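Below is one structure, written out as C-alpha cells, with a few remarks after it.
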Amino acid sequence: MSSALRYRFGDHDSEVRFSATVDSAFISSDSGALVVFDRNTAQLPIFEDEGQRLVLAPGESSKSWSGARRILQRALDGGLGRDGLIAGVGGGVVCDLAAFSASLFMRGCRLILVPTSLLAMVDAAIGGKTAINLGGYKNMAGTFYPAERIWINVSLLRHLPVREFDSGMGEVIKTALLGDRELLDILLKQSSRVTGRDPEVMEEIVRRCVAVKAGIVEGDPREAGNRAVLNLGHTFGHALEAETGYKLCSHGEAVAWGLMQAAVLSRALGLADPGYTATVRELLETYGFAPRFDGKPESIVKAMQVDKKKRRGKLRLVLQRGIGDTVLREVDPHLIVETLQDSARIFP
Ligand SMILES: NC(=O)c1ccc[n+]([C@@H]2O[C@H](COP(=O)([O-])OP(=O)(O)OC[C@H]3O[C@@H](n4cnc5c(N)ncnc54)[C@H](O)[C@@H]3O)[C@@H](O)[C@H]2O)c1
C-alpha cells in the first residue's frame, strides 16, 4: 500500500511517500537522471533498472567537496539538463551529499531522496538541509534545498547494521520527547516489535517522526528560530563525540547520553520535575542506552564551547519543561560542569 504526506519547506513542496515498491516513473526524467548510492545501499533491493548510477564509498569521507565534484561531473558527463534529476539512495551521508550537489547543478536541478537508514528516514532526508564536511568539521558548507519527493520503504531497515539502527533510535527517542506522546507510548509499550524492526510499527514510528520534524521545519525552514529545538540532546552529544575522538560511542549513544544530560540540567534549573527525568531515563534504558562518560566534565563543556552554537560566552542549550515543552536557554558553563558531576553520581 502506498500513501503520501505533503509538506512545504520555504518555497519548496516536498512529498513523502511510504511504499514497499518504487514506481519507475519516480526516478525518471526527460532531462536525464543520475542515481547516487554508496557501496552498501547499492546492494539493496530497490530499483530494477535505475539508469545512470554513481556508487560512492560509504561513510563521512564521501561527504566532501570531492564527493560533490564527482556527482556534478557525472551529471554533466551524463548529459543531465536543467530539469534533470539527481536521486540519493542511502543514509544521511548520501542524502546530504546528493542534495548538496543537486542544489548546485545548473543552479539547482530536481532532487529525490530514498533514505535507507533509520536516521535518514526520520531526520536527514526531511527538511531540506544539505551539507558537506569541511576542514575536519562536520556540515560546515551547505545549502537549504528540500527534495521534491522522498520515498520511504521501512522494510529496508532489516538490512541495517545494529549500530546504525541504534543511531536512528536516538533520534526517534528525541522526537518522542519533542512532542509526540503516542510515539512515546509506542516506544515504551512495543519495544520488542521496535527492536525486531517490525515493518508495521516501524512505519508508524517513521511517519510520526517525519510529521514532528516536518511540522517544526515548516514553521522555520531556514533555522532562524524554533528549528533549533531539533538539537535537543545534540550539543551535549556532539561534545561527547568530539571529546572521545568519535570512538567511545556511536552517534546514537552520544545523542542518548546528551538527552539524559539535557534532562538532568532541565531538572537542575527547576524547569522540569523528577517525573520527566525518570521518563527520559526509562525510554533510554528500554532501548539499551546506558551511555557512560568517565572523562572530565570540564572537557565536555570546553568541547561544547567550540560548538558553532556558542553565544556571547554562554552556551545556548535546548532544554525541556516536560515532554513536548521545549525551551532554549543560555546556561552558565559552571552550572553545566556541576550538572555533569551530579549526573555521573546519579546515573553511574
Ligand atoms: N540534513 C540533515 O538534516 C541531517 C540530519 C541528521 C543527520 N544528518 C547527517 O546524516 C549523516 C549520518 O547519517 P547515517 O547515520 O544514515 O549514516 P550513513 O549515511 O553513513 O549510513 C550509515 C551506514 O549504514 C549503511 N546503510 C544505510 N542504509 C542501509 C540499509 N538499509 N542496509 C544496510 N546498510 C545501510 C551505509 O552504507 C553506511 O555504511 C551525518 O553525516 C549527519 O551529519 C543530516
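If you're wondering about the labels, chains in the C-alpha cells are A, B, ... by order shown, residues count from 1 in each chain, ligands from 1 in order shown.
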List as number ranges by chain the protein and nucleic acid residues lying within 7 Å of ligand 1, with only C-alpha atoms and all ligand atoms counted. A: 38-41, 44, 58-60, 90-94, 96, 116-120, 123-131, 138-139, 156-161, 164, 167-168
Taking only residues of region 69-179 of chain A that have an atom at most 9 Å from an atom of region 199-205 of chain A, what is each one's shortest atom pair and its distance in Å to one decimal, using only C-alpha atoms, in chain and number order, as CSV?
```
residue,atom,partner,partner_atom,distance
A:Val122,CA,A:Ile205,CA,8.6
A:Ile152,CA,A:Glu203,CA,8.8
A:Asn153,CA,A:Glu203,CA,8.2
A:Val154,CA,A:Pro199,CA,5.9
A:Ser155,CA,A:Pro199,CA,5.7
A:Leu157,CA,A:Pro199,CA,8.4
A:Arg158,CA,A:Pro199,CA,8.8
A:Val172,CA,A:Ile205,CA,7.7
```
File dump, residues just selected, all heavy atoms, as a PDB file, in the first residue's frame:
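Okay, out-v6.pdb is ready:
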```pdb
ATOM      1  N   VAL A 122      14.042   9.358   9.405  1.00  0.00           N
ATOM      2  CA  VAL A 122      13.347  10.195  10.385  1.00  0.00           C
ATOM      3  C   VAL A 122      13.916  11.606  10.455  1.00  0.00           C
ATOM      4  O   VAL A 122      13.309  12.492  11.042  1.00  0.00           O
ATOM      5  CB  VAL A 122      13.358   9.577  11.809  1.00  0.00           C
ATOM      6  CG1 VAL A 122      12.691   8.215  11.802  1.00  0.00           C
ATOM      7  CG2 VAL A 122      14.756   9.485  12.400  1.00  0.00           C
ATOM      8  N   ILE A 152      10.030   6.328   1.174  1.00  0.00           N
ATOM      9  CA  ILE A 152      10.451   5.579   2.370  1.00  0.00           C
ATOM     10  C   ILE A 152       9.880   4.165   2.334  1.00  0.00           C
ATOM     11  O   ILE A 152       8.662   3.980   2.240  1.00  0.00           O
ATOM     12  CB  ILE A 152       9.997   6.313   3.655  1.00  0.00           C
ATOM     13  CG1 ILE A 152      10.694   7.681   3.745  1.00  0.00           C
ATOM     14  CG2 ILE A 152      10.321   5.464   4.889  1.00  0.00           C
ATOM     15  CD1 ILE A 152      10.329   8.511   4.960  1.00  0.00           C
ATOM     16  N   ASN A 153      10.776   3.197   2.414  1.00  0.00           N
ATOM     17  CA  ASN A 153      10.383   1.791   2.493  1.00  0.00           C
ATOM     18  C   ASN A 153      11.032   1.218   3.751  1.00  0.00           C
ATOM     19  O   ASN A 153      12.225   0.892   3.756  1.00  0.00           O
ATOM     20  CB  ASN A 153      10.874   1.056   1.235  1.00  0.00           C
ATOM     21  CG  ASN A 153      10.615  -0.436   1.322  1.00  0.00           C
ATOM     22  OD1 ASN A 153      10.064  -0.927   2.302  1.00  0.00           O
ATOM     23  ND2 ASN A 153      11.032  -1.167   0.298  1.00  0.00           N
ATOM     24  N   VAL A 154      10.241   1.089   4.826  1.00  0.00           N
ATOM     25  CA  VAL A 154      10.831   0.689   6.110  1.00  0.00           C
ATOM     26  C   VAL A 154      11.332  -0.753   6.103  1.00  0.00           C
ATOM     27  O   VAL A 154      12.120  -1.136   6.976  1.00  0.00           O
ATOM     28  CB  VAL A 154       9.844   0.888   7.296  1.00  0.00           C
ATOM     29  CG1 VAL A 154       9.573   2.360   7.532  1.00  0.00           C
ATOM     30  CG2 VAL A 154       8.578   0.105   7.101  1.00  0.00           C
ATOM     31  N   SER A 155      10.912  -1.561   5.127  1.00  0.00           N
ATOM     32  CA  SER A 155      11.411  -2.946   5.126  1.00  0.00           C
ATOM     33  C   SER A 155      12.915  -2.980   4.819  1.00  0.00           C
ATOM     34  O   SER A 155      13.590  -3.960   5.118  1.00  0.00           O
ATOM     35  CB  SER A 155      10.619  -3.839   4.174  1.00  0.00           C
ATOM     36  OG  SER A 155      10.849  -3.431   2.859  1.00  0.00           O
ATOM     37  N   LEU A 157      15.005  -1.444   6.401  1.00  0.00           N
ATOM     38  CA  LEU A 157      15.700  -1.342   7.693  1.00  0.00           C
ATOM     39  C   LEU A 157      16.213  -2.691   8.174  1.00  0.00           C
ATOM     40  O   LEU A 157      17.113  -2.749   9.001  1.00  0.00           O
ATOM     41  CB  LEU A 157      14.763  -0.738   8.756  1.00  0.00           C
ATOM     42  CG  LEU A 157      14.348   0.715   8.528  1.00  0.00           C
ATOM     43  CD1 LEU A 157      13.310   1.138   9.551  1.00  0.00           C
ATOM     44  CD2 LEU A 157      15.577   1.625   8.592  1.00  0.00           C
ATOM     45  N   ARG A 158      15.630  -3.783   7.658  1.00  0.00           N
ATOM     46  CA  ARG A 158      16.093  -5.091   8.145  1.00  0.00           C
ATOM     47  C   ARG A 158      17.540  -5.362   7.730  1.00  0.00           C
ATOM     48  O   ARG A 158      18.201  -6.213   8.298  1.00  0.00           O
ATOM     49  CB  ARG A 158      15.147  -6.213   7.710  1.00  0.00           C
ATOM     50  CG  ARG A 158      15.181  -6.556   6.247  1.00  0.00           C
ATOM     51  CD  ARG A 158      14.293  -7.776   5.949  1.00  0.00           C
ATOM     52  NE  ARG A 158      14.340  -8.136   4.551  1.00  0.00           N
ATOM     53  CZ  ARG A 158      13.567  -7.600   3.622  1.00  0.00           C
ATOM     54  NH1 ARG A 158      12.656  -6.693   3.959  1.00  0.00           N
ATOM     55  NH2 ARG A 158      13.678  -7.962   2.362  1.00  0.00           N
ATOM     56  N   VAL A 172      14.829   8.971  17.155  1.00  0.00           N
ATOM     57  CA  VAL A 172      13.406   8.650  17.349  1.00  0.00           C
ATOM     58  C   VAL A 172      12.987   9.030  18.780  1.00  0.00           C
ATOM     59  O   VAL A 172      11.938   9.657  18.998  1.00  0.00           O
ATOM     60  CB  VAL A 172      13.141   7.149  17.070  1.00  0.00           C
ATOM     61  CG1 VAL A 172      11.737   6.757  17.514  1.00  0.00           C
ATOM     62  CG2 VAL A 172      13.342   6.835  15.587  1.00  0.00           C
TER      63      VAL A 172
END
```
Of the candidates A:Asp180, A:Glu48, A:Asp30, A:Glu223, which one gets nearest to Leu80 (chain A) if we count only C-alpha atoms? A:Asp30
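Of note, CA of Val264 (chain A) and CA of Val337 (chain A) are spaced 11.9 Å apart.
Coordinates place CA of Arg197 (chain A) at a distance of 28.9 Å from CA of Gly275 (chain A).
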Can you pull out the residues contacting Leu259 (chain A)? Cut-off 7 Å, using only C-alpha atoms, and skip same-chain residues under 3 positions away; I want them as a VMD selection string. chain A and resid 232 to 233 255 to 256 262 to 263
Where in region 103-194 of chain A does DSSP assign helix (DSSP H, G or I), given as number ranges by chain? A: 103-107, 118-124, 154-159, 162-179, 181-189, 191-194
Keeping only N, CA and C atoms, write the selected residues as a CSV table (one decimal), in the first residue's frame.
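New file result.csv:
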```csv
chain,number,residue,atom,x,y,z
A,103,SER,N,21.6,20.9,-5.4
A,103,SER,CA,21.3,22.3,-5.2
A,103,SER,C,22.3,23.2,-6.1
A,104,LEU,N,23.4,22.6,-6.5
A,104,LEU,CA,24.4,23.3,-7.2
A,104,LEU,C,24.3,23.1,-8.7
A,105,PHE,N,23.9,21.9,-9.1
A,105,PHE,CA,23.9,21.5,-10.5
A,105,PHE,C,23.0,22.4,-11.3
A,106,MET,N,23.6,23.1,-12.3
A,106,MET,CA,22.8,24.1,-13.1
A,106,MET,C,21.9,25.0,-12.2
A,107,ARG,N,22.5,25.4,-11.1
A,107,ARG,CA,21.9,26.3,-10.1
A,107,ARG,C,20.6,25.7,-9.5
A,118,LEU,N,17.6,4.3,9.3
A,118,LEU,CA,16.6,4.9,10.1
A,118,LEU,C,16.8,6.4,10.4
A,119,LEU,N,18.1,6.8,10.6
A,119,LEU,CA,18.4,8.2,10.8
A,119,LEU,C,18.0,9.0,9.6
A,120,ALA,N,18.2,8.5,8.4
A,120,ALA,CA,17.9,9.3,7.3
A,120,ALA,C,16.4,9.4,7.1
A,121,MET,N,15.7,8.3,7.4
A,121,MET,CA,14.2,8.3,7.2
A,121,MET,C,13.5,9.3,8.1
A,122,VAL,N,14.0,9.4,9.4
A,122,VAL,CA,13.3,10.2,10.4
A,122,VAL,C,13.9,11.6,10.5
A,123,ASP,N,15.1,11.8,9.9
A,123,ASP,CA,15.8,13.1,10.1
A,123,ASP,C,16.4,13.7,8.9
A,124,ALA,N,17.5,13.0,8.4
A,124,ALA,CA,18.4,13.7,7.4
A,124,ALA,C,17.7,14.0,6.1
A,154,VAL,N,10.2,1.1,4.8
A,154,VAL,CA,10.8,0.7,6.1
A,154,VAL,C,11.3,-0.8,6.1
A,155,SER,N,10.9,-1.6,5.1
A,155,SER,CA,11.4,-2.9,5.1
A,155,SER,C,12.9,-3.0,4.8
A,156,LEU,N,13.4,-1.9,4.2
A,156,LEU,CA,14.9,-1.8,4.0
A,156,LEU,C,15.7,-1.8,5.3
A,157,LEU,N,15.0,-1.4,6.4
A,157,LEU,CA,15.7,-1.3,7.7
A,157,LEU,C,16.2,-2.7,8.2
A,158,ARG,N,15.6,-3.8,7.7
A,158,ARG,CA,16.1,-5.1,8.1
A,158,ARG,C,17.5,-5.4,7.7
A,159,HIS,N,18.0,-4.6,6.7
A,159,HIS,CA,19.4,-4.8,6.3
A,159,HIS,C,20.4,-4.0,7.1
A,162,VAL,N,23.1,-3.2,13.4
A,162,VAL,CA,22.5,-2.8,14.7
A,162,VAL,C,23.0,-1.4,15.1
A,163,ARG,N,24.3,-1.2,15.0
A,163,ARG,CA,24.8,0.1,15.5
A,163,ARG,C,24.1,1.3,14.7
A,164,GLU,N,23.8,1.1,13.4
A,164,GLU,CA,23.2,2.2,12.7
A,164,GLU,C,21.7,2.3,13.0
A,165,PHE,N,21.1,1.1,13.3
A,165,PHE,CA,19.7,1.2,13.7
A,165,PHE,C,19.6,1.9,15.1
A,166,ASP,N,20.5,1.6,16.0
A,166,ASP,CA,20.5,2.3,17.3
A,166,ASP,C,20.7,3.8,17.1
A,167,SER,N,21.6,4.2,16.2
A,167,SER,CA,21.8,5.6,15.9
A,167,SER,C,20.5,6.3,15.6
A,168,GLY,N,19.7,5.7,14.7
A,168,GLY,CA,18.4,6.2,14.4
A,168,GLY,C,17.5,6.3,15.6
A,169,MET,N,17.6,5.2,16.5
A,169,MET,CA,16.7,5.2,17.6
A,169,MET,C,16.9,6.4,18.6
A,170,GLY,N,18.2,6.9,18.6
A,170,GLY,CA,18.5,8.1,19.4
A,170,GLY,C,17.6,9.2,18.9
A,171,GLU,N,17.5,9.4,17.6
A,171,GLU,CA,16.7,10.5,17.0
A,171,GLU,C,15.2,10.2,17.2
A,172,VAL,N,14.8,9.0,17.2
A,172,VAL,CA,13.4,8.7,17.3
A,172,VAL,C,13.0,9.0,18.8
A,173,ILE,N,13.8,8.7,19.8
A,173,ILE,CA,13.5,9.0,21.2
A,173,ILE,C,13.5,10.5,21.3
A,174,LYS,N,14.4,11.2,20.7
A,174,LYS,CA,14.4,12.7,20.8
A,174,LYS,C,13.1,13.2,20.3
A,175,THR,N,12.7,12.7,19.1
A,175,THR,CA,11.4,13.2,18.5
A,175,THR,C,10.2,12.9,19.4
A,176,ALA,N,10.2,11.8,20.1
A,176,ALA,CA,9.1,11.5,21.0
A,176,ALA,C,9.1,12.5,22.1
A,177,LEU,N,10.3,12.9,22.6
A,177,LEU,CA,10.4,13.9,23.7
A,177,LEU,C,10.0,15.3,23.2
A,178,LEU,N,10.2,15.5,21.9
A,178,LEU,CA,9.9,16.9,21.4
A,178,LEU,C,8.4,17.1,21.4
A,179,GLY,N,7.6,16.0,21.3
A,179,GLY,CA,6.2,16.3,21.2
A,179,GLY,C,5.3,15.3,20.7
A,181,ARG,N,3.3,12.2,22.3
A,181,ARG,CA,3.1,11.3,23.4
A,181,ARG,C,2.7,9.9,23.0
A,182,GLU,N,2.0,9.8,21.8
A,182,GLU,CA,1.6,8.5,21.3
A,182,GLU,C,2.9,7.7,20.8
A,183,LEU,N,3.8,8.5,20.2
A,183,LEU,CA,5.1,7.8,19.8
A,183,LEU,C,5.8,7.3,21.1
A,184,LEU,N,5.8,8.2,22.1
A,184,LEU,CA,6.4,7.8,23.4
A,184,LEU,C,5.8,6.5,23.9
A,185,ASP,N,4.5,6.4,23.9
A,185,ASP,CA,3.8,5.2,24.3
A,185,ASP,C,4.2,4.0,23.5
A,186,ILE,N,4.2,4.1,22.2
A,186,ILE,CA,4.6,3.0,21.3
A,186,ILE,C,6.0,2.5,21.7
A,187,LEU,N,6.9,3.5,21.9
A,187,LEU,CA,8.3,3.2,22.2
A,187,LEU,C,8.4,2.4,23.6
A,188,LEU,N,7.6,2.8,24.5
A,188,LEU,CA,7.6,2.2,25.8
A,188,LEU,C,6.9,0.8,25.9
A,189,LYS,N,5.8,0.8,25.1
A,189,LYS,CA,4.9,-0.5,25.2
A,189,LYS,C,5.2,-1.5,24.2
A,191,SER,N,8.4,-2.2,22.6
A,191,SER,CA,9.8,-2.2,22.4
A,191,SER,C,10.3,-3.4,21.6
A,192,SER,N,9.7,-4.6,21.9
A,192,SER,CA,10.2,-5.8,21.2
A,192,SER,C,9.9,-5.7,19.7
A,193,ARG,N,8.7,-5.2,19.4
A,193,ARG,CA,8.4,-5.0,18.0
A,193,ARG,C,9.3,-4.0,17.3
A,194,VAL,N,9.7,-3.0,18.1
A,194,VAL,CA,10.6,-2.0,17.5
A,194,VAL,C,12.0,-2.5,17.3
```
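Distances here use only C-alpha atoms; by that measure, the residue among A:Ser61, A:Thr143, A:Gln52, A:Gln341 closest to Glu298 (chain A) is A:Gln341.
Across the structure, CA of Gly84 (chain A) and CA of Val36 (chain A) are spaced 13.7 Å apart.
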Considering only C-alpha atoms, state which residue in the set A:Leu315, A:Leu230, A:Leu335, A:Val301 is at the smallest distance from Leu265 (chain A). A:Leu335
Those of region 128-162 of chain A in DSSP strand (DSSP E or B), formatted as an NGL selection string: :A and (129 or 132-134 or 137-141 or 144 or 149-152)
Find the residues near Leu85 (chain A): any atom within 9 Å, counting only C-alpha atoms, skip ones fewer than 5 places away on the same chain, and give them as a count of residues only. 15
Can you tell me, as a PyMOL selection string, what residues are no more than 12 Å from Ile336 (chain A) when counting only C-alpha atoms, ignoring any on the same chain fewer than 3 positions away? chain A and resi 235-236+261-269+296-302+304-305+314-317+330-333+339-343
